Amino acid sequence: MSQKRSSLKPLEGANRTLRRRLDLKGEIALATAPTVTILLVMGFVEALTQQRLLFASLASSAFLIYLDPQHGTNAIRTLILAQMMAAGIGFMTYFLFGGGYLSGGIAMILAIFLMIILDAMHPPAVSTSLSFALKANNVSNLVLFAWALAITAILVGLERYALWLLAQYASGREEGR
């Protein structure tokens, strides 16, 4: 069963050699999309709610996507499933047990268990479950989180496109030699 787990491996057919050999200019280019995306998400959140910490784990998601956009942990399916599941679990435990350590502990355990069962391993989602379990006042925060997550999911495509552009640029430079 562990051989079929895709969220713990690079995506099939992924060429990860280019990602590991970027110069400073390439790293800055690749880091720009996640940085801008998260800043936009923060502005979006600030305009609609004061629950800033509910969205903090999306910054970790963005960094993982930047670090290795071709890994199963950062696949769109894994990102959305793990983050929304964790937010929902945290939201439910908040209403069942209140906003305390019991709620947070149960939410984290359930989130980890379901990520393993569903093969949707995305570590920042553990923080999401804890954030919602400790402070999830109303359902509009869950809806807003879903919107912010969708914006972050777009980041996966942007990072893969950036890697494709870098690969095209690198192959063009090699042909010119």
# chains A, B, ... in the order shown; residues from 1 in each chain; ligands from 1

call {"tool": "closest_atom_pairs", "arguments": {"of": "segment 19-92 of chain A", "to": "segment 108-127 of chain A", "cutoff": "10 Å", "atoms": "only C-alpha atoms", "output": "CSV"}}
result
residue,atom,partner,partner_atom,distance
A:Leu53,CA,A:Ser127,CA,9.9
A:Leu54,CA,A:Ser127,CA,8.9
A:Phe55,CA,A:Ser127,CA,9.5
A:Ala56,CA,A:Ser127,CA,8.2
A:Ser57,CA,A:Pro124,CA,5.3
A:Leu58,CA,A:Pro124,CA,7.2
A:Ala59,CA,A:Pro124,CA,8.6
A:Ser60,CA,A:Pro124,CA,5.9
A:Ser61,CA,A:Pro124,CA,6.0
A:Ala62,CA,A:Pro124,CA,9.6
A:Leu64,CA,A:Pro124,CA,8.9
A:Gly72,CA,A:Met121,CA,8.3
A:Thr73,CA,A:His122,CA,5.3
A:Asn74,CA,A:His122,CA,7.0
A:Ala75,CA,A:Ala120,CA,9.0
A:Arg77,CA,A:Ala120,CA,7.6
A:Thr78,CA,A:Ala120,CA,4.6
A:Leu79,CA,A:His122,CA,6.2
A:Ile80,CA,A:Ala120,CA,8.9
A:Leu81,CA,A:Ala120,CA,6.6
A:Ala82,CA,A:Ala120,CA,5.7
A:Gln83,CA,A:Ala125,CA,4.8
A:Met84,CA,A:Ala125,CA,8.2
A:Met85,CA,A:Ala111,CA,7.1
A:Ala86,CA,A:Ala111,CA,5.3
A:Ala87,CA,A:Ala125,CA,7.8
A:Gly88,CA,A:Ala111,CA,9.4
A:Ile89,CA,A:Ala111,CA,6.9
A:Gly90,CA,A:Met108,CA,7.9

call {"tool": "closest_residue", "arguments": {"among": "A:Phe63, A:Tyr101, A:Phe91, A:Phe44", "to": "Leu142 of chain A", "atoms": "only C-alpha atoms"}}
result
A:Phe91

call {"tool": "atom_distance", "arguments": {"atom1": "atom CA of Ile28 of chain A", "atom2": "atom CA of Gln70 of chain A"}}
result
17.9 Å

call {"tool": "residues_around", "arguments": {"residues": "Leu158 of chain A", "least_positions_apart": "3", "cutoff": "12 Å", "atoms": "only C-alpha atoms", "output": "ChimeraX atom specification"}}
result
/A:29-37,62,65-66,69-70,76,151-155,161-165

call {"tool": "write_last_selection", "arguments": {"atoms": "N, CA and C atoms", "output": "mmCIF file, in the first residue's frame"}}
result
data_model
loop_
_atom_site.group_PDB
_atom_site.id
_atom_site.type_symbol
_atom_site.label_atom_id
_atom_site.label_comp_id
_atom_site.auth_asym_id
_atom_site.auth_seq_id
_atom_site.Cartn_x
_atom_site.Cartn_y
_atom_site.Cartn_z
ATOM 1 N N ALA A 29 13.189 34.662 -9.059
ATOM 2 C CA ALA A 29 12.071 34.585 -10.007
ATOM 3 C C ALA A 29 11.034 33.570 -9.543
ATOM 4 N N LEU A 30 11.489 32.422 -9.065
ATOM 5 C CA LEU A 30 10.577 31.377 -8.627
ATOM 6 C C LEU A 30 9.881 31.743 -7.315
ATOM 7 N N ALA A 31 10.537 32.515 -6.467
ATOM 8 C CA ALA A 31 9.952 32.913 -5.179
ATOM 9 C C ALA A 31 8.958 34.065 -5.320
ATOM 10 N N THR A 32 8.979 34.762 -6.437
ATOM 11 C CA THR A 32 8.111 35.923 -6.611
ATOM 12 C C THR A 32 6.638 35.536 -6.602
ATOM 13 N N ALA A 33 6.245 34.517 -7.333
ATOM 14 C CA ALA A 33 4.828 34.132 -7.399
ATOM 15 C C ALA A 33 4.265 33.752 -6.033
ATOM 16 N N PRO A 34 4.943 32.907 -5.231
ATOM 17 C CA PRO A 34 4.368 32.601 -3.914
ATOM 18 C C PRO A 34 4.284 33.828 -3.011
ATOM 19 N N THR A 35 5.280 34.681 -3.079
ATOM 20 C CA THR A 35 5.278 35.869 -2.225
ATOM 21 C C THR A 35 4.120 36.787 -2.587
ATOM 22 N N VAL A 36 3.963 37.071 -3.857
ATOM 23 C CA VAL A 36 2.874 37.942 -4.306
ATOM 24 C C VAL A 36 1.526 37.301 -4.004
ATOM 25 N N THR A 37 1.406 36.001 -4.229
ATOM 26 C CA THR A 37 0.148 35.301 -3.962
ATOM 27 C C THR A 37 -0.253 35.422 -2.506
ATOM 28 N N ALA A 62 2.497 27.873 0.629
ATOM 29 C CA ALA A 62 3.115 28.600 -0.480
ATOM 30 C C ALA A 62 4.614 28.350 -0.530
ATOM 31 N N ILE A 65 5.270 24.911 -1.914
ATOM 32 C CA ILE A 65 5.029 24.905 -3.360
ATOM 33 C C ILE A 65 6.219 25.523 -4.082
ATOM 34 N N TYR A 66 6.733 26.612 -3.557
ATOM 35 C CA TYR A 66 7.928 27.239 -4.143
ATOM 36 C C TYR A 66 9.114 26.284 -4.087
ATOM 37 N N PRO A 69 7.505 22.437 -6.419
ATOM 38 C CA PRO A 69 6.156 22.397 -6.988
ATOM 39 C C PRO A 69 5.816 21.078 -7.679
ATOM 40 N N GLN A 70 6.819 20.240 -7.916
ATOM 41 C CA GLN A 70 6.566 18.982 -8.604
ATOM 42 C C GLN A 70 6.539 17.787 -7.651
ATOM 43 N N ILE A 76 -2.238 19.873 -6.443
ATOM 44 C CA ILE A 76 -3.476 20.616 -6.183
ATOM 45 C C ILE A 76 -4.464 19.766 -5.393
ATOM 46 N N ILE A 151 -6.968 30.488 -4.205
ATOM 47 C CA ILE A 151 -5.924 31.380 -4.722
ATOM 48 C C ILE A 151 -4.553 30.714 -4.574
ATOM 49 N N THR A 152 -4.328 30.069 -3.441
ATOM 50 C CA THR A 152 -3.054 29.380 -3.220
ATOM 51 C C THR A 152 -2.900 28.205 -4.182
ATOM 52 N N ALA A 153 -3.993 27.510 -4.486
ATOM 53 C CA ALA A 153 -3.931 26.391 -5.434
ATOM 54 C C ALA A 153 -3.503 26.876 -6.820
ATOM 55 N N ILE A 154 -3.912 28.068 -7.177
ATOM 56 C CA ILE A 154 -3.481 28.657 -8.454
ATOM 57 C C ILE A 154 -1.964 28.788 -8.473
ATOM 58 N N LEU A 155 -1.407 28.998 -7.303
ATOM 59 C CA LEU A 155 0.042 29.114 -7.170
ATOM 60 C C LEU A 155 0.761 27.856 -7.675
ATOM 61 N N TYR A 161 4.420 26.443 -14.152
ATOM 62 C CA TYR A 161 4.643 27.218 -15.365
ATOM 63 C C TYR A 161 6.003 27.923 -15.312
ATOM 64 N N ALA A 162 6.344 28.469 -14.153
ATOM 65 C CA ALA A 162 7.643 29.127 -13.994
ATOM 66 C C ALA A 162 8.782 28.137 -14.214
ATOM 67 N N LEU A 163 8.637 26.927 -13.691
ATOM 68 C CA LEU A 163 9.670 25.912 -13.921
ATOM 69 C C LEU A 163 9.757 25.551 -15.395
ATOM 70 N N TRP A 164 8.619 25.476 -16.061
ATOM 71 C CA TRP A 164 8.617 25.175 -17.491
ATOM 72 C C TRP A 164 9.348 26.283 -18.252
ATOM 73 N N LEU A 165 9.056 27.540 -17.890
ATOM 74 C CA LEU A 165 9.748 28.662 -18.539
ATOM 75 C C LEU A 165 11.254 28.601 -18.297
#
